[in-house]
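> Sharing a structure below in structure tokens format, with a few things to ask.
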Amino acid sequence: MAFKSGFVNIIGKPNAGKSTLMNALIGERLSITTPKAQTTRHRIVGILNIPEEAQIVFSDTPGIIKNPAYKLQESMNAFIEGSFEDADVFLYVSEIKDLPRLEDVPEKVLQSETPFVLALNKIEQSNQQELEQKVEAWKTLVPRAIIVPVSAEQKFNLEQLIKQILYFLPESRPYFDLDALTDRNERFFVTEIIREKILLNYQKEIPYATEVVVEDFKEESQINKIRATIYVMRESQKGIIIGHMGSTIKKVSTEARIDMERFLGKKVYLELQVKVSKDWRDNEKQLKRFGYLH
């Protein structure tokens, strides 16, 4: 049987479970996941290698933001736009409790002839009757869609989803090394781990007003020494990030270090500092520095 290889671009509304699904499909925690919407800010590649059969290059994108409020959100939408161009398969993720609506699916996807697989996610929160109704509703809205009910959280029916994707992939040589897991470097995942802990430990606007930059990454034989900066938009936010007597940032640092050691397979010394970058979400110069604009 000929080898297959191609790009499967994951799209959907914020909080549909796109990142959890990609992590489950490739068997590695690459995309950070939290209960908060807009957790994913970048386009992240995860690679599933099936020996002697296929290489599936999944691309996790931010959730579609209908009315972006600042330049950061515009750049997040641009990552989604970019994913429309190179897809061999569109994998649209919708959670079972969401009302099926055509307006939630990007127009370019609906008009495209690229194969469309719809993962109906979080079915553990539903029953058989609701599931059948949602499948029927989506089938009416998008007749060409291949609908696969899944639970990313419980890793249910993922084999069937992969089978459907493989059916549509073109015959091709692999695009990446057959032992590759992603196209991102370790520094990127370090920043994402810190950002995840910020999303989990702070409320309201604070997580969305922060950005993380790795200033120094020294690899030694027994330990990685990492120095990172958490940027916020206002001085008052800096105090909230640090917390009383530095208690909150110490908690973030400890949780992040534990995850980094698991991910990097080595001891980590992590040093965090907090700086103010006024209104960075609308500052093109800073957005370029943070990797959102080119």
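Chain identifiers are assigned as A, B, and so on, following the order in which chains appear in the structure tokens; residues are numbered from 1 within each chain, and ligands are numbered from 1 in order of appearance.
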Show which residues sit within 8 Å of Ile165 (chain A), as a ChimeraX atom specification. Count only C-alpha atoms, and ignore same-chain residues fewer than 3 positions away.

/A:8,89,117,161-162,168-169

> I need the residues in region 177-232 of chain A that are strand (DSSP E) according to DSSP; give them as a ChimeraX atom specification.

/A:211-219,223-232

> Region 167-265 of chain A near region 68-80 of chain A within 12 Å: what's each residue's closest atom pair and its distance in Å to one decimal, counting only C-alpha atoms, ordered by chain then ascending residue number, as a Markdown table?


```
| residue | atom | partner | partner_atom | distance |
| --- | --- | --- | --- | --- |
| A:Tyr208 | CA | A:Leu72 | CA | 10.1 |
| A:Ala209 | CA | A:Leu72 | CA | 10.4 |
| A:Thr210 | CA | A:Leu72 | CA | 11.4 |
| A:Glu211 | CA | A:Leu72 | CA | 10.8 |
```

> Would you pick out the contacts of region 260-274 of chain A at 12 Å or less, using only C-alpha atoms, so that residues sharing its chain but fewer than 6 positions from it are not included, and give the list as a PyMOL selection string?

chain A and resi 28-30+185-197+210-243+246+248-254

> When distances are computed from only C-alpha atoms, which of A:Arg144, A:Lys122, A:Ala152, A:Leu48 shows the smallest separation from Leu21 (chain A)?

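Looking only at the distances to Leu21 (chain A), the closest residue turns out to be A:Ala152.
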
> Could you make a table, as a tab-separated table, of the residues of region 31-82 of chain A that have an atom within 10 Å of an atom of region 90-98 of chain A, each with its nearest atom pair and distance in Å to one decimal, counting only C-alpha atoms, in chain and number order?


```
residue	atom	partner	partner_atom	distance
A:Phe58	CA	A:Leu91	CA	9.1
A:Ser59	CA	A:Leu91	CA	9.5
A:Asp60	CA	A:Leu91	CA	9.8
```

> So which bits of region 80-242 of chain A end up alpha helix (DSSP H) when you DSSP the backbone, as an mmCIF file with N, CA and C atoms, in the first residue's frame?


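Full text of selection-v8.cif as output:
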```cif
data_model
loop_
_atom_site.group_PDB
_atom_site.id
_atom_site.type_symbol
_atom_site.label_atom_id
_atom_site.label_comp_id
_atom_site.auth_asym_id
_atom_site.auth_seq_id
_atom_site.Cartn_x
_atom_site.Cartn_y
_atom_site.Cartn_z
ATOM 1 N N ILE A 80 -5.640 31.292 11.548
ATOM 2 C CA ILE A 80 -6.721 30.430 11.046
ATOM 3 C C ILE A 80 -6.833 30.575 9.533
ATOM 4 N N GLU A 81 -6.776 31.828 9.054
ATOM 5 C CA GLU A 81 -6.837 32.078 7.604
ATOM 6 C C GLU A 81 -5.737 31.306 6.888
ATOM 7 N N GLY A 82 -4.533 31.321 7.473
ATOM 8 C CA GLY A 82 -3.413 30.606 6.874
ATOM 9 C C GLY A 82 -3.666 29.120 6.772
ATOM 10 N N SER A 83 -4.416 28.591 7.726
ATOM 11 C CA SER A 83 -4.680 27.146 7.739
ATOM 12 C C SER A 83 -5.644 26.729 6.629
ATOM 13 N N PHE A 84 -6.357 27.696 6.040
ATOM 14 C CA PHE A 84 -7.275 27.369 4.939
ATOM 15 C C PHE A 84 -6.508 27.028 3.655
ATOM 16 N N GLU A 85 -5.284 27.548 3.549
ATOM 17 C CA GLU A 85 -4.564 27.483 2.277
ATOM 18 C C GLU A 85 -3.921 26.127 2.009
ATOM 19 N N GLU A 107 -16.592 30.551 5.893
ATOM 20 C CA GLU A 107 -17.119 30.510 4.529
ATOM 21 C C GLU A 107 -16.150 29.810 3.574
ATOM 22 N N LYS A 108 -14.854 30.074 3.752
ATOM 23 C CA LYS A 108 -13.849 29.460 2.867
ATOM 24 C C LYS A 108 -13.852 27.940 2.986
ATOM 25 N N VAL A 109 -14.144 27.446 4.159
ATOM 26 C CA VAL A 109 -14.190 25.998 4.371
ATOM 27 C C VAL A 109 -15.420 25.416 3.693
ATOM 28 N N LEU A 110 -16.548 26.100 3.839
ATOM 29 C CA LEU A 110 -17.791 25.621 3.230
ATOM 30 C C LEU A 110 -17.707 25.618 1.710
ATOM 31 N N GLN A 111 -17.013 26.609 1.136
ATOM 32 C CA GLN A 111 -16.933 26.737 -0.319
ATOM 33 C C GLN A 111 -15.826 25.863 -0.919
ATOM 34 N N GLN A 128 -27.691 9.223 23.709
ATOM 35 C CA GLN A 128 -27.811 8.725 22.337
ATOM 36 C C GLN A 128 -28.798 9.535 21.504
ATOM 37 N N GLN A 129 -29.896 9.939 22.111
ATOM 38 C CA GLN A 129 -30.921 10.692 21.369
ATOM 39 C C GLN A 129 -30.370 12.048 20.918
ATOM 40 N N GLU A 130 -29.711 12.752 21.835
ATOM 41 C CA GLU A 130 -29.152 14.062 21.479
ATOM 42 C C GLU A 130 -28.067 13.905 20.416
ATOM 43 N N LEU A 131 -27.253 12.875 20.555
ATOM 44 C CA LEU A 131 -26.187 12.622 19.595
ATOM 45 C C LEU A 131 -26.765 12.423 18.191
ATOM 46 N N GLU A 132 -27.793 11.594 18.085
ATOM 47 C CA GLU A 132 -28.410 11.333 16.778
ATOM 48 C C GLU A 132 -29.010 12.610 16.187
ATOM 49 N N GLN A 133 -29.614 13.435 17.036
ATOM 50 C CA GLN A 133 -30.204 14.690 16.568
ATOM 51 C C GLN A 133 -29.131 15.642 16.026
ATOM 52 N N LYS A 134 -28.003 15.732 16.748
ATOM 53 C CA LYS A 134 -26.924 16.635 16.326
ATOM 54 C C LYS A 134 -26.260 16.150 15.033
ATOM 55 N N VAL A 135 -26.063 14.850 14.925
ATOM 56 C CA VAL A 135 -25.487 14.289 13.698
ATOM 57 C C VAL A 135 -26.393 14.605 12.508
ATOM 58 N N GLU A 136 -27.688 14.410 12.693
ATOM 59 C CA GLU A 136 -28.662 14.677 11.625
ATOM 60 C C GLU A 136 -28.674 16.158 11.258
ATOM 61 N N ALA A 137 -28.624 17.018 12.273
ATOM 62 C CA ALA A 137 -28.643 18.468 12.031
ATOM 63 C C ALA A 137 -27.409 18.905 11.244
ATOM 64 N N TRP A 138 -26.241 18.408 11.626
ATOM 65 C CA TRP A 138 -25.009 18.759 10.909
ATOM 66 C C TRP A 138 -25.027 18.197 9.491
ATOM 67 N N LYS A 139 -25.561 16.992 9.337
ATOM 68 C CA LYS A 139 -25.618 16.374 8.013
ATOM 69 C C LYS A 139 -26.512 17.194 7.068
ATOM 70 N N THR A 140 -27.559 17.768 7.618
ATOM 71 C CA THR A 140 -28.449 18.624 6.830
ATOM 72 C C THR A 140 -27.746 19.906 6.428
ATOM 73 N N LEU A 141 -26.974 20.483 7.355
ATOM 74 C CA LEU A 141 -26.285 21.748 7.101
ATOM 75 C C LEU A 141 -25.102 21.571 6.146
ATOM 76 N N LEU A 158 -11.315 7.604 18.671
ATOM 77 C CA LEU A 158 -10.269 8.315 17.934
ATOM 78 C C LEU A 158 -9.733 7.472 16.771
ATOM 79 N N GLU A 159 -9.753 6.135 16.930
ATOM 80 C CA GLU A 159 -9.291 5.264 15.844
ATOM 81 C C GLU A 159 -10.152 5.451 14.599
ATOM 82 N N GLN A 160 -11.460 5.587 14.813
ATOM 83 C CA GLN A 160 -12.383 5.797 13.687
ATOM 84 C C GLN A 160 -12.124 7.151 13.021
ATOM 85 N N LEU A 161 -11.821 8.153 13.835
ATOM 86 C CA LEU A 161 -11.526 9.482 13.299
ATOM 87 C C LEU A 161 -10.256 9.434 12.435
ATOM 88 N N ILE A 162 -9.226 8.758 12.928
ATOM 89 C CA ILE A 162 -7.984 8.631 12.161
ATOM 90 C C ILE A 162 -8.229 7.866 10.856
ATOM 91 N N LYS A 163 -9.054 6.829 10.933
ATOM 92 C CA LYS A 163 -9.386 6.037 9.745
ATOM 93 C C LYS A 163 -10.038 6.903 8.668
ATOM 94 N N GLN A 164 -10.960 7.766 9.070
ATOM 95 C CA GLN A 164 -11.644 8.651 8.109
ATOM 96 C C GLN A 164 -10.659 9.651 7.508
ATOM 97 N N ILE A 165 -9.764 10.173 8.335
ATOM 98 C CA ILE A 165 -8.765 11.132 7.847
ATOM 99 C C ILE A 165 -7.829 10.454 6.842
ATOM 100 N N LEU A 166 -7.378 9.252 7.184
ATOM 101 C CA LEU A 166 -6.469 8.519 6.296
ATOM 102 C C LEU A 166 -7.088 8.264 4.921
ATOM 103 N N TYR A 167 -8.382 8.046 4.896
ATOM 104 C CA TYR A 167 -9.078 7.792 3.636
ATOM 105 C C TYR A 167 -8.882 8.959 2.661
ATOM 106 N N PHE A 168 -8.876 10.187 3.210
ATOM 107 C CA PHE A 168 -8.804 11.377 2.364
ATOM 108 C C PHE A 168 -7.373 11.854 2.086
ATOM 109 N N GLU A 186 11.903 23.810 21.692
ATOM 110 C CA GLU A 186 11.619 23.651 23.124
ATOM 111 C C GLU A 186 11.280 24.981 23.790
ATOM 112 N N ARG A 187 11.925 26.054 23.348
ATOM 113 C CA ARG A 187 11.646 27.376 23.939
ATOM 114 C C ARG A 187 10.164 27.736 23.802
ATOM 115 N N PHE A 188 9.593 27.411 22.637
ATOM 116 C CA PHE A 188 8.177 27.713 22.423
ATOM 117 C C PHE A 188 7.306 26.989 23.454
ATOM 118 N N PHE A 189 7.589 25.711 23.681
ATOM 119 C CA PHE A 189 6.754 24.939 24.601
ATOM 120 C C PHE A 189 6.960 25.368 26.055
ATOM 121 N N VAL A 190 8.144 25.862 26.366
ATOM 122 C CA VAL A 190 8.380 26.419 27.702
ATOM 123 C C VAL A 190 7.480 27.628 27.930
ATOM 124 N N THR A 191 7.404 28.530 26.943
ATOM 125 C CA THR A 191 6.532 29.701 27.089
ATOM 126 C C THR A 191 5.068 29.284 27.216
ATOM 127 N N GLU A 192 4.671 28.263 26.456
ATOM 128 C CA GLU A 192 3.287 27.808 26.503
ATOM 129 C C GLU A 192 2.948 27.173 27.858
ATOM 130 N N ILE A 193 3.877 26.447 28.433
ATOM 131 C CA ILE A 193 3.638 25.845 29.754
ATOM 132 C C ILE A 193 3.435 26.939 30.804
ATOM 133 N N ILE A 194 4.271 27.968 30.760
ATOM 134 C CA ILE A 194 4.119 29.082 31.719
ATOM 135 C C ILE A 194 2.773 29.771 31.506
ATOM 136 N N ARG A 195 2.423 29.988 30.232
ATOM 137 C CA ARG A 195 1.154 30.671 29.929
ATOM 138 C C ARG A 195 -0.041 29.852 30.402
ATOM 139 N N GLU A 196 0.056 28.529 30.285
ATOM 140 C CA GLU A 196 -1.019 27.670 30.784
ATOM 141 C C GLU A 196 -1.218 27.850 32.282
ATOM 142 N N LYS A 197 -0.124 27.927 33.034
ATOM 143 C CA LYS A 197 -0.224 28.087 34.493
ATOM 144 C C LYS A 197 -0.808 29.451 34.860
ATOM 145 N N ILE A 198 -0.532 30.445 34.026
ATOM 146 C CA ILE A 198 -1.137 31.768 34.250
ATOM 147 C C ILE A 198 -2.645 31.690 34.022
ATOM 148 N N LEU A 199 -3.055 31.009 32.955
ATOM 149 C CA LEU A 199 -4.487 30.843 32.668
ATOM 150 C C LEU A 199 -5.203 30.113 33.801
ATOM 151 N N LEU A 200 -4.524 29.173 34.425
ATOM 152 C CA LEU A 200 -5.149 28.369 35.484
ATOM 153 C C LEU A 200 -5.153 29.061 36.844
ATOM 154 N N ASN A 201 -4.214 29.987 37.060
ATOM 155 C CA ASN A 201 -4.055 30.569 38.399
ATOM 156 C C ASN A 201 -4.612 31.983 38.557
ATOM 157 N N GLU A 235 0.690 48.410 35.355
ATOM 158 C CA GLU A 235 1.411 48.231 36.613
ATOM 159 C C GLU A 235 0.574 47.476 37.639
ATOM 160 N N SER A 236 -0.734 47.744 37.670
ATOM 161 C CA SER A 236 -1.613 47.063 38.630
ATOM 162 C C SER A 236 -1.660 45.560 38.374
ATOM 163 N N GLN A 237 -1.562 45.168 37.086
ATOM 164 C CA GLN A 237 -1.564 43.747 36.741
ATOM 165 C C GLN A 237 -0.275 43.069 37.195
ATOM 166 N N LYS A 238 0.808 43.814 37.196
ATOM 167 C CA LYS A 238 2.095 43.273 37.658
ATOM 168 C C LYS A 238 1.985 42.827 39.112
ATOM 169 N N GLY A 239 1.328 43.663 39.940
ATOM 170 C CA GLY A 239 1.150 43.319 41.348
ATOM 171 C C GLY A 239 0.293 42.073 41.532
ATOM 172 N N ILE A 240 -0.727 41.927 40.700
ATOM 173 C CA ILE A 240 -1.608 40.749 40.795
ATOM 174 C C ILE A 240 -0.844 39.481 40.406
ATOM 175 N N ILE A 241 -0.039 39.571 39.343
ATOM 176 C CA ILE A 241 0.750 38.412 38.910
ATOM 177 C C ILE A 241 1.705 37.966 40.022
ATOM 178 N N ILE A 242 2.371 38.927 40.646
ATOM 179 C CA ILE A 242 3.341 38.589 41.701
ATOM 180 C C ILE A 242 2.637 38.041 42.940
#
```

> What's the 7 Å shell around region 35-42 of chain A, counting only C-alpha atoms, without same-chain residues fewer than 4 positions away, as a ChimeraX atom specification?

/A:14-15,61-63,76,79

> Write out as a list in words which residues come within 10 Å of Pro170 (chain A) when counting only C-alpha atoms, dropping same-chain ones fewer than 3 positions away.

Ala2, Phe3, Lys4, Ser5, Gly6, Phe7, Ala54, Asp88, Val89, Leu166, Tyr167 and Arg173 of chain A

> Save out the residues we just selected, N, CA and C atoms, as a PDB file, in the first residue's frame.


```
ATOM      1  N   ALA A   2       0.532   2.240  -0.822  1.00  0.00           N
ATOM      2  CA  ALA A   2       1.336   3.459  -0.951  1.00  0.00           C
ATOM      3  C   ALA A   2       1.272   4.286   0.333  1.00  0.00           C
ATOM      4  N   PHE A   3       2.387   4.956   0.635  1.00  0.00           N
ATOM      5  CA  PHE A   3       2.470   5.806   1.820  1.00  0.00           C
ATOM      6  C   PHE A   3       1.647   7.074   1.601  1.00  0.00           C
ATOM      7  N   LYS A   4       0.952   7.497   2.641  1.00  0.00           N
ATOM      8  CA  LYS A   4       0.139   8.709   2.575  1.00  0.00           C
ATOM      9  C   LYS A   4       0.696   9.764   3.532  1.00  0.00           C
ATOM     10  N   SER A   5       0.559  11.014   3.125  1.00  0.00           N
ATOM     11  CA  SER A   5       1.026  12.108   3.976  1.00  0.00           C
ATOM     12  C   SER A   5       0.249  13.367   3.642  1.00  0.00           C
ATOM     13  N   GLY A   6      -0.094  14.157   4.651  1.00  0.00           N
ATOM     14  CA  GLY A   6      -0.835  15.381   4.363  1.00  0.00           C
ATOM     15  C   GLY A   6      -1.131  16.195   5.604  1.00  0.00           C
ATOM     16  N   PHE A   7      -1.727  17.352   5.349  1.00  0.00           N
ATOM     17  CA  PHE A   7      -1.988  18.337   6.400  1.00  0.00           C
ATOM     18  C   PHE A   7      -3.468  18.329   6.775  1.00  0.00           C
ATOM     19  N   ALA A  54       1.539   6.071   7.060  1.00  0.00           N
ATOM     20  CA  ALA A  54       1.167   7.476   6.850  1.00  0.00           C
ATOM     21  C   ALA A  54       1.858   8.408   7.835  1.00  0.00           C
ATOM     22  N   ASP A  88      -5.111  19.491   3.434  1.00  0.00           N
ATOM     23  CA  ASP A  88      -5.563  18.346   2.645  1.00  0.00           C
ATOM     24  C   ASP A  88      -6.896  17.834   3.177  1.00  0.00           C
ATOM     25  N   VAL A  89      -7.126  18.089   4.478  1.00  0.00           N
ATOM     26  CA  VAL A  89      -8.393  17.734   5.131  1.00  0.00           C
ATOM     27  C   VAL A  89      -8.694  18.815   6.161  1.00  0.00           C
ATOM     28  N   LEU A 166      -7.378   9.252   7.184  1.00  0.00           N
ATOM     29  CA  LEU A 166      -6.469   8.519   6.296  1.00  0.00           C
ATOM     30  C   LEU A 166      -7.088   8.264   4.921  1.00  0.00           C
ATOM     31  N   TYR A 167      -8.382   8.046   4.896  1.00  0.00           N
ATOM     32  CA  TYR A 167      -9.078   7.792   3.636  1.00  0.00           C
ATOM     33  C   TYR A 167      -8.882   8.959   2.661  1.00  0.00           C
ATOM     34  N   ARG A 173       5.176  11.367  -0.105  1.00  0.00           N
ATOM     35  CA  ARG A 173       6.279  11.144   0.818  1.00  0.00           C
ATOM     36  C   ARG A 173       6.038  11.960   2.074  1.00  0.00           C
TER      37      ARG A 173
END
```

> Show which residues sit within 9 Å of Asn49 (chain A), as a short mmCIF file (atom, residue, chain, number, x, y, z; two decimals) with C-alpha atoms, in the first residue's frame. Count only C-alpha atoms, and ignore same-chain residues fewer than 6 positions away.


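Contents of around.cif, freshly written:
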```cif
data_model
loop_
_atom_site.label_atom_id
_atom_site.label_comp_id
_atom_site.auth_asym_id
_atom_site.auth_seq_id
_atom_site.Cartn_x
_atom_site.Cartn_y
_atom_site.Cartn_z
CA ILE A 26 -0.83 12.30 18.56
CA GLN A 55 2.27 10.76 8.34
CA ILE A 56 -0.60 12.99 9.47
CA VAL A 57 0.43 16.60 10.12
CA LEU A 178 9.44 10.01 10.68
CA ASP A 179 10.39 10.54 14.33
CA ALA A 180 9.32 14.21 14.38
CA LEU A 181 6.59 15.26 16.77
#
```

> Please determine, counting only C-alpha atoms, which residue among A:Ile147, A:Glu153, A:Arg289, A:Pro115 has the shortest atom-to-atom distance to Thr33 (chain A).

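So, comparing all the options, the nearest one is A:Glu153.
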